[in-house]
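What follows is the content of work-v2.pdb, which has PDB, C-alpha atoms:
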ATOM      1  CA  MET A 103      38.548  67.994 -17.446
ATOM      2  CA  ASP A 104      38.395  64.299 -16.670
ATOM      3  CA  ILE A 105      35.021  63.955 -14.978
ATOM      4  CA  LYS A 106      33.904  60.339 -15.194
ATOM      5  CA  ALA A 107      30.193  61.063 -15.468
ATOM      6  CA  GLU A 108      27.575  60.941 -18.167
ATOM      7  CA  ARG A 109      24.791  62.745 -16.334
ATOM      8  CA  ILE A 110      25.296  65.785 -14.116
ATOM      9  CA  LEU A 111      22.733  67.766 -12.127
ATOM     10  CA  VAL A 112      23.446  71.331 -11.038
ATOM     11  CA  THR A 113      20.892  72.912  -8.700
ATOM     12  CA  GLY A 114      20.673  76.692  -8.591
ATOM     13  CA  ALA A 115      21.684  76.694 -12.256
ATOM     14  CA  ALA A 116      20.492  80.255 -12.918
ATOM     15  CA  GLY A 117      22.398  81.582  -9.918
ATOM     16  CA  PHE A 118      25.806  83.231 -10.083
ATOM     17  CA  ILE A 119      27.996  80.198  -9.339
ATOM     18  CA  GLY A 120      25.546  77.714 -10.873
ATOM     19  CA  PHE A 121      25.525  79.578 -14.184
ATOM     20  CA  HIS A 122      29.311  79.624 -14.400
ATOM     21  CA  LEU A 123      29.626  75.949 -13.450
ATOM     22  CA  CYS A 124      27.026  74.897 -16.025
ATOM     23  CA  SER A 125      28.775  76.988 -18.685
ATOM     24  CA  ARG A 126      32.082  75.284 -17.929
ATOM     25  CA  LEU A 127      30.606  71.775 -17.974
ATOM     26  CA  LEU A 128      28.618  72.406 -21.166
ATOM     27  CA  LYS A 129      31.697  73.772 -22.962
ATOM     28  CA  ASP A 130      33.530  70.624 -21.882
ATOM     29  CA  GLY A 131      30.821  68.534 -23.559
ATOM     30  CA  PHE A 132      28.944  67.123 -20.575
ATOM     31  CA  ALA A 133      25.187  66.556 -20.506
ATOM     32  CA  VAL A 134      23.915  68.877 -17.782
ATOM     33  CA  THR A 135      20.491  69.204 -16.212
ATOM     34  CA  GLY A 136      19.956  72.452 -14.355
ATOM     35  CA  ILE A 137      17.175  73.255 -11.936
ATOM     36  CA  ASP A 138      16.288  76.584 -10.341
ATOM     37  CA  ASN A 139      13.176  78.074  -8.782
ATOM     38  CA  MET A 140      13.991  81.545 -10.214
ATOM     39  CA  ASN A 141      13.027  83.194  -6.926
ATOM     40  CA  PRO A 142      12.913  87.008  -6.750
ATOM     41  CA  TYR A 143      15.481  87.455  -3.949
ATOM     42  CA  TYR A 144      17.285  89.603  -6.534
ATOM     43  CA  ASP A 145      16.564  90.760 -10.101
ATOM     44  CA  VAL A 146      15.002  87.793 -11.903
ATOM     45  CA  SER A 147      15.878  89.284 -15.306
ATOM     46  CA  LEU A 148      19.565  88.702 -14.513
ATOM     47  CA  LYS A 149      18.809  85.046 -13.785
ATOM     48  CA  GLU A 150      16.810  84.829 -17.021
ATOM     49  CA  ALA A 151      19.714  86.308 -18.995
ATOM     50  CA  ARG A 152      22.106  83.735 -17.521
ATOM     51  CA  LEU A 153      19.634  80.957 -18.288
ATOM     52  CA  ALA A 154      19.225  82.123 -21.883
ATOM     53  CA  GLN A 155      22.950  81.632 -22.406
ATOM     54  CA  LEU A 156      22.829  78.118 -20.991
ATOM     55  CA  LEU A 157      19.828  77.183 -23.124
ATOM     56  CA  SER A 158      21.858  77.963 -26.247
ATOM     57  CA  TYR A 159      23.731  74.696 -25.624
ATOM     58  CA  GLY A 160      22.179  71.535 -27.024
ATOM     59  CA  ASN A 161      23.467  69.462 -24.104
ATOM     60  CA  PHE A 162      21.627  71.520 -21.460
ATOM     61  CA  THR A 163      18.210  70.698 -20.003
ATOM     62  CA  PHE A 164      16.450  73.106 -17.658
ATOM     63  CA  VAL A 165      13.661  72.308 -15.215
ATOM     64  CA  LYS A 166      12.071  75.105 -13.212
ATOM     65  CA  THR A 167      11.430  73.654  -9.791
ATOM     66  CA  ASP A 168      12.194  74.172  -6.133
ATOM     67  CA  ILE A 169      14.383  71.685  -4.261
ATOM     68  CA  ALA A 170      11.993  72.116  -1.322
ATOM     69  CA  GLY A 171       9.328  70.365  -3.454
ATOM     70  CA  LYS A 172       9.936  66.686  -2.694
ATOM     71  CA  GLU A 173       7.699  65.042  -5.308
ATOM     72  CA  ASP A 174       8.924  67.090  -8.284
ATOM     73  CA  LEU A 175      12.548  66.543  -7.310
ATOM     74  CA  GLU A 176      12.022  62.795  -6.957
ATOM     75  CA  LYS A 177      10.607  62.604 -10.497
ATOM     76  CA  ILE A 178      13.624  64.437 -11.936
ATOM     77  CA  PHE A 179      16.058  62.072 -10.213
ATOM     78  CA  GLU A 180      14.104  58.962 -11.208
ATOM     79  CA  ASN A 181      13.993  60.046 -14.853
ATOM     80  CA  LYS A 182      17.598  61.149 -15.220
ATOM     81  CA  LYS A 183      19.650  58.850 -12.949
ATOM     82  CA  PHE A 184      22.442  61.350 -12.323
ATOM     83  CA  ASP A 185      26.041  60.308 -11.733
ATOM     84  CA  ILE A 186      27.118  63.529 -10.033
ATOM     85  CA  VAL A 187      24.981  66.125  -8.259
ATOM     86  CA  VAL A 188      26.277  69.609  -7.446
ATOM     87  CA  ASN A 189      23.928  71.376  -5.045
ATOM     88  CA  LEU A 190      24.306  75.146  -5.333
ATOM     89  CA  ALA A 191      20.645  75.998  -4.706
ATOM     90  CA  ALA A 192      20.233  77.912  -1.455
ATOM     91  CA  GLN A 193      18.715  80.989   0.050
ATOM     92  CA  ALA A 194      21.712  83.286   0.280
ATOM     93  CA  GLY A 195      22.433  86.515   2.126
ATOM     94  CA  VAL A 196      23.156  87.692   5.648
ATOM     95  CA  ARG A 197      20.791  90.594   6.255
ATOM     96  CA  TYR A 198      17.836  88.794   4.648
ATOM     97  CA  SER A 199      18.116  86.002   7.229
ATOM     98  CA  LEU A 200      17.255  88.543   9.929
ATOM     99  CA  LYS A 201      14.021  89.415   8.099
ATOM    100  CA  ASN A 202      12.907  86.122   6.588
ATOM    101  CA  PRO A 203      14.391  83.132   8.450
ATOM    102  CA  TYR A 204      11.865  80.655   7.072
ATOM    103  CA  ALA A 205      13.203  81.090   3.526
ATOM    104  CA  TYR A 206      16.488  79.623   4.771
ATOM    105  CA  ILE A 207      14.820  76.685   6.472
ATOM    106  CA  ASP A 208      12.738  75.868   3.386
ATOM    107  CA  SER A 209      15.623  75.968   0.904
ATOM    108  CA  ASN A 210      18.733  75.197   2.908
ATOM    109  CA  ILE A 211      17.341  72.609   5.324
ATOM    110  CA  VAL A 212      14.189  71.075   3.796
ATOM    111  CA  GLY A 213      15.555  71.387   0.260
ATOM    112  CA  PHE A 214      18.907  69.876   1.165
ATOM    113  CA  THR A 215      17.184  66.977   2.930
ATOM    114  CA  ASN A 216      15.330  66.290  -0.326
ATOM    115  CA  ILE A 217      18.614  66.373  -2.263
ATOM    116  CA  LEU A 218      20.182  63.876   0.144
ATOM    117  CA  GLU A 219      17.198  61.549  -0.048
ATOM    118  CA  CYS A 220      17.093  61.665  -3.840
ATOM    119  CA  CYS A 221      20.833  60.990  -4.075
ATOM    120  CA  ARG A 222      20.516  58.118  -1.646
ATOM    121  CA  HIS A 223      17.703  56.395  -3.528
ATOM    122  CA  ASN A 224      19.016  56.930  -7.048
ATOM    123  CA  GLY A 225      22.588  55.688  -6.945
ATOM    124  CA  VAL A 226      24.339  59.054  -7.178
ATOM    125  CA  LYS A 227      28.109  58.484  -7.200
ATOM    126  CA  HIS A 228      29.119  61.834  -5.684
ATOM    127  CA  LEU A 229      27.237  64.713  -4.081
ATOM    128  CA  VAL A 230      29.173  67.968  -4.095
ATOM    129  CA  PHE A 231      27.473  70.757  -2.167
ATOM    130  CA  ALA A 232      28.074  74.422  -1.485
ATOM    131  CA  SER A 233      28.913  75.315   2.054
ATOM    132  CA  SER A 234      30.282  78.725   2.982
ATOM    133  CA  SER A 235      33.103  80.552   4.716
ATOM    134  CA  SER A 236      30.362  81.901   6.973
ATOM    135  CA  VAL A 237      30.437  78.631   8.967
ATOM    136  CA  TYR A 238      33.628  79.884  10.653
ATOM    137  CA  GLY A 239      31.458  82.421  12.491
ATOM    138  CA  ALA A 240      33.109  83.710  15.647
ATOM    139  CA  ASN A 241      36.417  81.906  14.956
ATOM    140  CA  THR A 242      39.421  84.239  14.937
ATOM    141  CA  LYS A 243      42.307  81.791  14.344
ATOM    142  CA  MET A 244      43.647  82.592  10.882
ATOM    143  CA  PRO A 245      43.707  81.282   8.246
ATOM    144  CA  PHE A 246      40.421  79.390   8.582
ATOM    145  CA  SER A 247      41.020  75.643   8.306
ATOM    146  CA  VAL A 248      38.546  72.839   7.596
ATOM    147  CA  HIS A 249      40.235  71.021  10.476
ATOM    148  CA  ASP A 250      39.075  73.664  12.985
ATOM    149  CA  ASN A 251      35.871  73.391  15.000
ATOM    150  CA  VAL A 252      33.064  75.592  13.633
ATOM    151  CA  ASP A 253      30.315  75.534  16.244
ATOM    152  CA  HIS A 254      29.708  79.279  16.664
ATOM    153  CA  PRO A 255      27.826  80.669  13.643
ATOM    154  CA  VAL A 256      26.805  84.323  13.941
ATOM    155  CA  TYR A 257      23.721  84.292  11.708
ATOM    156  CA  LEU A 258      21.131  81.823  10.439
ATOM    157  CA  TYR A 259      22.499  81.395   6.910
ATOM    158  CA  ALA A 260      25.794  80.206   8.401
ATOM    159  CA  ALA A 261      23.951  77.853  10.761
ATOM    160  CA  THR A 262      22.074  76.261   7.844
ATOM    161  CA  LYS A 263      25.337  75.704   5.958
ATOM    162  CA  LYS A 264      26.912  74.063   9.003
ATOM    163  CA  ALA A 265      23.754  71.942   9.256
ATOM    164  CA  ASN A 266      24.207  70.878   5.610
ATOM    165  CA  GLU A 267      27.696  69.618   6.411
ATOM    166  CA  LEU A 268      26.393  67.593   9.367
ATOM    167  CA  MET A 269      23.439  66.228   7.403
ATOM    168  CA  ALA A 270      25.689  65.155   4.521
ATOM    169  CA  HIS A 271      28.042  63.398   6.928
ATOM    170  CA  SER A 272      25.183  61.417   8.442
ATOM    171  CA  TYR A 273      24.095  60.223   4.970
ATOM    172  CA  SER A 274      27.655  59.304   4.111
ATOM    173  CA  HIS A 275      27.883  57.306   7.354
ATOM    174  CA  LEU A 276      24.485  55.623   7.115
ATOM    175  CA  PHE A 277      24.149  54.994   3.378
ATOM    176  CA  GLY A 278      27.674  55.216   1.978
ATOM    177  CA  LEU A 279      26.807  58.308  -0.073
ATOM    178  CA  PRO A 280      30.070  60.054  -1.054
ATOM    179  CA  CYS A 281      29.721  63.728  -0.089
ATOM    180  CA  THR A 282      32.048  66.705  -0.439
ATOM    181  CA  GLY A 283      31.284  70.117   1.033
ATOM    182  CA  LEU A 284      32.922  73.222  -0.435
ATOM    183  CA  ARG A 285      33.303  76.351   1.670
ATOM    184  CA  PHE A 286      33.328  79.287  -0.751
ATOM    185  CA  PHE A 287      34.991  82.565   0.238
ATOM    186  CA  THR A 288      33.441  85.884  -0.984
ATOM    187  CA  VAL A 289      32.932  85.032  -4.644
ATOM    188  CA  TYR A 290      32.943  87.844  -7.226
ATOM    189  CA  GLY A 291      33.110  88.262 -10.987
ATOM    190  CA  PRO A 292      31.022  88.737 -14.159
ATOM    191  CA  TRP A 293      27.300  87.927 -13.840
ATOM    192  CA  GLY A 294      27.654  88.409 -10.069
ATOM    193  CA  ARG A 295      24.850  88.931  -7.578
ATOM    194  CA  PRO A 296      23.419  92.472  -7.253
ATOM    195  CA  ASP A 297      23.363  92.199  -3.444
ATOM    196  CA  MET A 298      27.129  91.665  -3.202
ATOM    197  CA  ALA A 299      29.641  94.422  -2.414
ATOM    198  CA  LEU A 300      31.329  94.693  -5.815
ATOM    199  CA  PHE A 301      27.999  95.075  -7.633
ATOM    200  CA  LEU A 302      26.578  97.492  -5.053
ATOM    201  CA  PHE A 303      29.715  99.648  -4.990
ATOM    202  CA  THR A 304      30.025  99.782  -8.787
ATOM    203  CA  ASP A 305      26.390 100.751  -9.267
ATOM    204  CA  ALA A 306      26.572 103.461  -6.590
ATOM    205  CA  ILE A 307      29.882 104.951  -7.790
ATOM    206  CA  LEU A 308      28.709 105.172 -11.397
ATOM    207  CA  SER A 309      25.419 106.733 -10.267
ATOM    208  CA  GLY A 310      27.107 109.221  -7.939
ATOM    209  CA  ARG A 311      25.477 107.768  -4.833
ATOM    210  CA  PRO A 312      27.435 107.236  -1.595
ATOM    211  CA  ILE A 313      28.546 103.730  -0.699
ATOM    212  CA  LYS A 314      28.178 102.304   2.800
ATOM    213  CA  VAL A 315      31.573 101.340   4.205
ATOM    214  CA  PHE A 316      30.971  99.151   7.236
ATOM    215  CA  ASN A 317      33.417  98.830  10.117
ATOM    216  CA  HIS A 318      34.989 101.990   8.667
ATOM    217  CA  GLY A 319      36.639  99.915   5.928
ATOM    218  CA  LYS A 320      38.697  97.882   8.414
ATOM    219  CA  MET A 321      37.199  94.488   7.495
ATOM    220  CA  THR A 322      39.186  92.012   5.422
ATOM    221  CA  ARG A 323      37.766  89.476   2.988
ATOM    222  CA  ASP A 324      39.317  86.635   1.017
ATOM    223  CA  PHE A 325      37.804  87.778  -2.298
ATOM    224  CA  THR A 326      37.801  84.822  -4.714
ATOM    225  CA  TYR A 327      37.305  85.193  -8.455
ATOM    226  CA  ILE A 328      34.536  83.094  -9.991
ATOM    227  CA  ASP A 329      36.786  81.224 -12.456
ATOM    228  CA  ASP A 330      38.923  80.018  -9.555
ATOM    229  CA  ILE A 331      35.818  78.825  -7.713
ATOM    230  CA  ILE A 332      34.659  76.911 -10.792
ATOM    231  CA  GLU A 333      38.060  75.324 -11.365
ATOM    232  CA  GLY A 334      38.046  74.121  -7.770
ATOM    233  CA  VAL A 335      34.516  72.721  -8.035
ATOM    234  CA  ALA A 336      35.271  70.974 -11.340
ATOM    235  CA  ARG A 337      38.356  69.277  -9.945
ATOM    236  CA  ILE A 338      36.605  68.157  -6.766
ATOM    237  CA  MET A 339      33.636  66.747  -8.714
ATOM    238  CA  ASN A 340      35.890  63.971  -9.983
ATOM    239  CA  LYS A 341      37.575  63.470  -6.613
ATOM    240  CA  VAL A 342      35.182  61.033  -4.934
ATOM    241  CA  PRO A 343      36.053  60.987  -1.217
ATOM    242  CA  GLU A 344      37.318  57.834   0.446
ATOM    243  CA  PRO A 345      37.395  57.094   4.178
ATOM    244  CA  ASP A 346      40.351  58.637   5.994
ATOM    245  CA  PRO A 347      42.272  55.683   7.539
ATOM    246  CA  GLY A 348      43.872  58.014  10.084
ATOM    247  CA  TRP A 349      40.602  59.403  11.435
ATOM    248  CA  ASN A 350      40.260  58.881  15.198
ATOM    249  CA  GLY A 351      37.109  59.364  17.255
ATOM    250  CA  LYS A 352      39.174  60.278  20.325
ATOM    251  CA  ASN A 353      40.553  63.283  18.470
ATOM    252  CA  PRO A 354      37.966  63.840  15.709
ATOM    253  CA  ASP A 355      39.092  65.841  12.679
ATOM    254  CA  PRO A 356      36.153  67.973  11.414
ATOM    255  CA  GLY A 357      37.555  68.132   7.868
ATOM    256  CA  THR A 358      37.758  64.398   7.163
ATOM    257  CA  SER A 359      35.977  61.231   8.286
ATOM    258  CA  TYR A 360      35.937  57.467   8.560
ATOM    259  CA  ALA A 361      33.058  57.840   6.045
ATOM    260  CA  LYS A 362      33.225  58.923   2.378
ATOM    261  CA  TYR A 363      33.150  62.591   3.299
ATOM    262  CA  ARG A 364      35.412  65.619   2.892
ATOM    263  CA  LEU A 365      35.379  69.385   3.325
ATOM    264  CA  TYR A 366      37.455  71.920   1.377
ATOM    265  CA  ASN A 367      37.928  75.671   1.453
ATOM    266  CA  ILE A 368      37.979  77.415  -1.913
ATOM    267  CA  GLY A 369      39.372  80.883  -1.283
ATOM    268  CA  ASN A 370      42.037  83.163  -2.674
ATOM    269  CA  ASN A 371      44.263  82.656   0.395
ATOM    270  CA  SER A 372      45.040  86.397   0.242
ATOM    271  CA  PRO A 373      42.674  88.588   2.310
ATOM    272  CA  VAL A 374      42.177  92.216   1.263
ATOM    273  CA  GLU A 375      41.049  95.110   3.452
ATOM    274  CA  LEU A 376      37.678  96.518   2.423
ATOM    275  CA  ILE A 377      39.051 100.028   1.905
ATOM    276  CA  LYS A 378      41.716  98.605  -0.456
ATOM    277  CA  PHE A 379      38.971  96.734  -2.321
ATOM    278  CA  ILE A 380      37.099 100.027  -2.781
ATOM    279  CA  GLU A 381      40.261 101.821  -3.899
ATOM    280  CA  THR A 382      40.855  99.151  -6.558
ATOM    281  CA  ILE A 383      37.323  99.649  -7.906
ATOM    282  CA  GLU A 384      37.910 103.402  -7.975
ATOM    283  CA  GLU A 385      41.186 102.971  -9.874
ATOM    284  CA  VAL A 386      39.662 100.687 -12.499
ATOM    285  CA  LEU A 387      36.580 102.899 -12.932
ATOM    286  CA  GLY A 388      38.588 106.102 -12.869
ATOM    287  CA  LYS A 389      36.058 107.599 -10.475
ATOM    288  CA  LYS A 390      36.113 108.244  -6.739
ATOM    289  CA  ALA A 391      33.441 106.872  -4.421
ATOM    290  CA  LYS A 392      31.466 108.970  -1.997
ATOM    291  CA  LYS A 393      31.916 107.050   1.245
ATOM    292  CA  GLU A 394      29.602 106.792   4.237
ATOM    293  CA  PHE A 395      31.598 105.189   7.051
ATOM    294  CA  LEU A 396      29.519 103.034   9.405
ATOM    295  CA  ASP A 397      29.978 100.581  12.287
ATOM    296  CA  LEU A 398      30.020  96.803  11.861
ATOM    297  CA  GLN A 399      26.610  95.346  10.976
ATOM    298  CA  PRO A 400      24.925  92.630  13.069
ATOM    299  CA  GLY A 401      26.033  89.243  11.751
ATOM    300  CA  ASP A 402      29.168  90.520  10.015
ATOM    301  CA  VAL A 403      32.607  89.163  10.877
ATOM    302  CA  VAL A 404      35.762  91.246  10.789
ATOM    303  CA  SER A 405      37.942  88.919   8.694
ATOM    304  CA  THR A 406      37.900  85.855   6.461
ATOM    305  CA  TYR A 407      41.016  84.028   5.270
ATOM    306  CA  ALA A 408      41.068  80.576   3.660
ATOM    307  CA  ASP A 409      43.590  77.846   4.334
ATOM    308  CA  VAL A 410      43.592  75.982   1.004
ATOM    309  CA  GLY A 411      46.253  73.393   1.836
ATOM    310  CA  ASP A 412      43.869  70.444   1.487
ATOM    311  CA  LEU A 413      42.571  71.718  -1.858
ATOM    312  CA  MET A 414      46.131  72.063  -3.151
ATOM    313  CA  ARG A 415      47.073  68.588  -1.935
ATOM    314  CA  ASP A 416      44.008  66.729  -3.230
ATOM    315  CA  ALA A 417      43.032  68.762  -6.313
ATOM    316  CA  GLY A 418      46.402  70.221  -7.305
ATOM    317  CA  PHE A 419      44.906  73.685  -7.474
ATOM    318  CA  LYS A 420      44.981  76.998  -5.659
ATOM    319  CA  PRO A 421      42.963  80.126  -6.588
ATOM    320  CA  ARG A 422      45.336  82.766  -7.900
ATOM    321  CA  THR A 423      43.468  85.457  -9.879
ATOM    322  CA  PRO A 424      44.713  88.889  -8.670
ATOM    323  CA  LEU A 425      42.024  91.199  -7.309
ATOM    324  CA  GLU A 426      42.663  93.926  -9.895
ATOM    325  CA  THR A 427      42.342  91.421 -12.761
ATOM    326  CA  GLY A 428      39.073  90.052 -11.401
ATOM    327  CA  ILE A 429      37.586  93.488 -10.809
ATOM    328  CA  LYS A 430      38.526  94.602 -14.328
ATOM    329  CA  ARG A 431      36.736  91.571 -15.775
ATOM    330  CA  PHE A 432      33.652  92.232 -13.658
ATOM    331  CA  LEU A 433      33.520  95.902 -14.639
ATOM    332  CA  SER A 434      33.966  95.072 -18.312
ATOM    333  CA  TRP A 435      30.949  92.734 -18.088
ATOM    334  CA  TYR A 436      28.919  95.196 -15.999
ATOM    335  CA  LEU A 437      29.431  98.129 -18.381
ATOM    336  CA  GLU A 438      28.557  96.010 -21.393
ATOM    337  CA  TYR A 439      25.542  94.286 -19.808
ATOM    338  CA  TYR A 440      23.981  97.493 -18.466
ATOM    339  CA  GLY A 441      25.134  99.679 -21.378
ATOM    340  CA  LYS A 442      26.861 102.212 -19.142
TER     341      LYS A 442
END
structure tokens encoding of this file:
Amino acid sequence: MDIKAERILVTGAAGFIGFHLCSRLLKDGFAVTGIDNMNPYYDVSLKEARLAQLLSYGNFTFVKTDIAGKEDLEKIFENKKFDIVVNLAAQAGVRYSLKNPYAYIDSNIVGFTNILECCRHNGVKHLVFASSSSVYGANTKMPFSVHDNVDHPVYLYAATKKANELMAHSYSHLFGLPCTGLRFFTVYGPWGRPDMALFLFTDAILSGRPIKVFNHGKMTRDFTYIDDIIEGVARIMNKVPEPDPGWNGKNPDPGTSYAKYRLYNIGNNSPVELIKFIETIEEVLGKKAKKEFLDLQPGDVVSTYADVGDLMRDAGFKPRTPLETGIKRFLSWYLEYYGK
């Protein structure tokens, strides 16, 4: 991978995507600094196990800190002088935002402001940041395109991710900071989050507990395997955005800009119905799930489907891991890690 950078910062390094990105960069020989606040939103021991793997590399430095802490973050940036920053630190989750909205403001708004300020004042050459497919909210035009308007989020997490995109654009406009936002679509795979469907379903099926099947299994999701996400991120890291000469304020394109700013979807471009997803898990496990069919939850959307045309054009890459392959890899990791 031809990343022209000597010093890389990955925030949220002990998280699911952060761990996999750091692993990839470290294997490729880059010097990586990772930061994470190790918050207990889910099992901290899983984060510690990921971190232990990263610390086995001599080219990895870890700092336990919170991006919402301005002074500590400033010291890290001043000491390291990063070339590329990949911001993956965020308070995640849909349901949790209904219970604890301030966690999202602290991490996703205050923390991201601190990231932008530190990048601005320390000569960062490219800020790549995690957005989310959730920004598409109430949109129903499929597939979801970065060139579509996304002004109708249906829960706070999505609103904070949309805010991140707007905040990054303003810094690109005002200070010339090159920024690229990546909208991830339903990421799954080994070392995945325990609050995500694949993990929850696997644990329940193996334990003989019923699984909750919302919207009676009629939802569709663009499930995207972690290795495909990481390949997309790695390629975009070295693709510093340039102003779009065709951008026109009379007909503004949300996905590009007159500034050094871009947005990309990273999704499998192949949505799968939830009931089919469950059936694939059952087939791989060789065990049937006990299903509790329920209505759609508040904040959930019926479908997600990524248009990845821009990613293919600019990065020469499209996610392509088949669902069955990805689930098999997850289950292999899960059974080994938990000794089941």
List the spatial neighbours of stretch 183-187 of chain A as a compact mmCIF listing (two decimals) with C-alpha atoms, in the coordinates of the input - criterion: any atom at most 6 Å away, all atoms listed in the file, same-chain residues fewer than 2 positions off excluded.
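Writing done, so here's part-v7.txt:
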# COMPACT_ATOMS: atom_id res chain seq x y z
CA ALA A 107 30.19 61.06 -15.47
CA ARG A 109 24.79 62.74 -16.33
CA ILE A 110 25.30 65.78 -14.12
CA LEU A 111 22.73 67.77 -12.13
CA PHE A 179 16.06 62.07 -10.21
CA GLU A 180 14.10 58.96 -11.21
CA VAL A 226 24.34 59.05 -7.18
CA LYS A 227 28.11 58.48 -7.20
CA HIS A 228 29.12 61.83 -5.68
CA LEU A 229 27.24 64.71 -4.08
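In this model, the gap between atom CA of A:Tyr204 and atom CA of A:Ala115 comes to 22.0 Å.
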Next on the checklist: Between atom CA of A:Arg311 and atom CA of A:Met298, what is the distance in Å, rounded to a tenth?
Outcome noted: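 So the answer is 16.3 Å.
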Checklist entry - What lies within 12 Å of A:Leu276 using only C-alpha atoms, ignoring chain neighbours under 2 positions off, as number ranges by chain? => result A: 218-219, 222, 269-274, 278-280, 360-363
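Closest approach to A:Phe246 among A:His275, A:Arg422, A:Arg323, A:Lys430: A:Arg323, based on all atoms listed in the file.
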Next on the checklist: Applying 9 Å and only C-alpha atoms, which residues near A:Pro400 remain after dropping the ones on its own chain fewer than 6 positions away? List them as a PyMOL selection string.
Outcome noted: chain A and resi 197+256-257
Item to check | Answer key for the PyMOL selection byres ((chain A and resi 152) around 9), residues as a count of residues only | outcome: 17
Checklist entry - What lies within 10 Å of A:His254 using only C-alpha atoms, ignoring chain neighbours under 2 positions off, as a PyMOL selection string? => result chain A and resi 237-241+251-252+256-257+260-261+264
Item to check | Selection result for the PyMOL selection byres ((chain A and resi 327) around 10) on this file, as a PyMOL selection string | outcome: chain A and resi 287-292+324-326+328-332+369-370+421-425+427-429+431-432
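Residue nearest A:Lys390, chosen from A:Ile313, A:Leu127, A:Ala194, A:Val248 and counting all atoms listed in the file: A:Ile313.
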Next on the checklist: I'd like the residues picked by the PyMOL selection byres ((chain A and resi 414) around 12) written out as an NGL selection string, using the chain letters and numbers from the file.
Outcome noted: :A and (333-334 or 337-338 or 366-371 or 409-413 or 415-422)
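With distances restricted to all atoms listed in the file, A:Lys378 is the closest residue to A:Met321 from A:Lys378, A:Lys392, A:Lys201, A:Lys177.
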Next on the checklist: Applying 12 Å and all atoms listed in the file, which residues near A:Asn350 remain after dropping the ones on its own chain fewer than 5 positions away? List them as number ranges by chain.
Outcome noted: A: 345, 355-356, 358-361
Item to check | Residue list as a ChimeraX atom specification for point (40.1, 96.0, 5.5), cut-off 9 Å, all atoms listed in the file | outcome: /A:317-323,373-379,404-405
Suppose we keep C-alpha atoms; can you now write the selection as a PDB file, in the frame of the given file?
ATOM      1  CA  ASN A 317      33.417  98.830  10.117  1.00  0.00           C
ATOM      2  CA  HIS A 318      34.989 101.990   8.667  1.00  0.00           C
ATOM      3  CA  GLY A 319      36.639  99.915   5.928  1.00  0.00           C
ATOM      4  CA  LYS A 320      38.697  97.882   8.414  1.00  0.00           C
ATOM      5  CA  MET A 321      37.199  94.488   7.495  1.00  0.00           C
ATOM      6  CA  THR A 322      39.186  92.012   5.422  1.00  0.00           C
ATOM      7  CA  ARG A 323      37.766  89.476   2.988  1.00  0.00           C
ATOM      8  CA  PRO A 373      42.674  88.588   2.310  1.00  0.00           C
ATOM      9  CA  VAL A 374      42.177  92.216   1.263  1.00  0.00           C
ATOM     10  CA  GLU A 375      41.049  95.110   3.452  1.00  0.00           C
ATOM     11  CA  LEU A 376      37.678  96.518   2.423  1.00  0.00           C
ATOM     12  CA  ILE A 377      39.051 100.028   1.905  1.00  0.00           C
ATOM     13  CA  LYS A 378      41.716  98.605  -0.456  1.00  0.00           C
ATOM     14  CA  PHE A 379      38.971  96.734  -2.321  1.00  0.00           C
ATOM     15  CA  VAL A 404      35.762  91.246  10.789  1.00  0.00           C
ATOM     16  CA  SER A 405      37.942  88.919   8.694  1.00  0.00           C
TER      17      SER A 405
END
Using all atoms of stretch 407-420 of chain A that appear in the file, construct an axis-aligned enclosing box with 3 Å of padding on every side and provide its centre coordinates and edge lengths in Å, rounded to one decimal, as AutoDock Vina command-line options.
--center_x 44.0 --center_y 75.4 --center_z -1.1 --size_x 12.1 --size_y 23.3 --size_z 18.7
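As for atom CA of A:Glu344 and atom CA of A:Leu365, they are spaced 12.1 Å apart.
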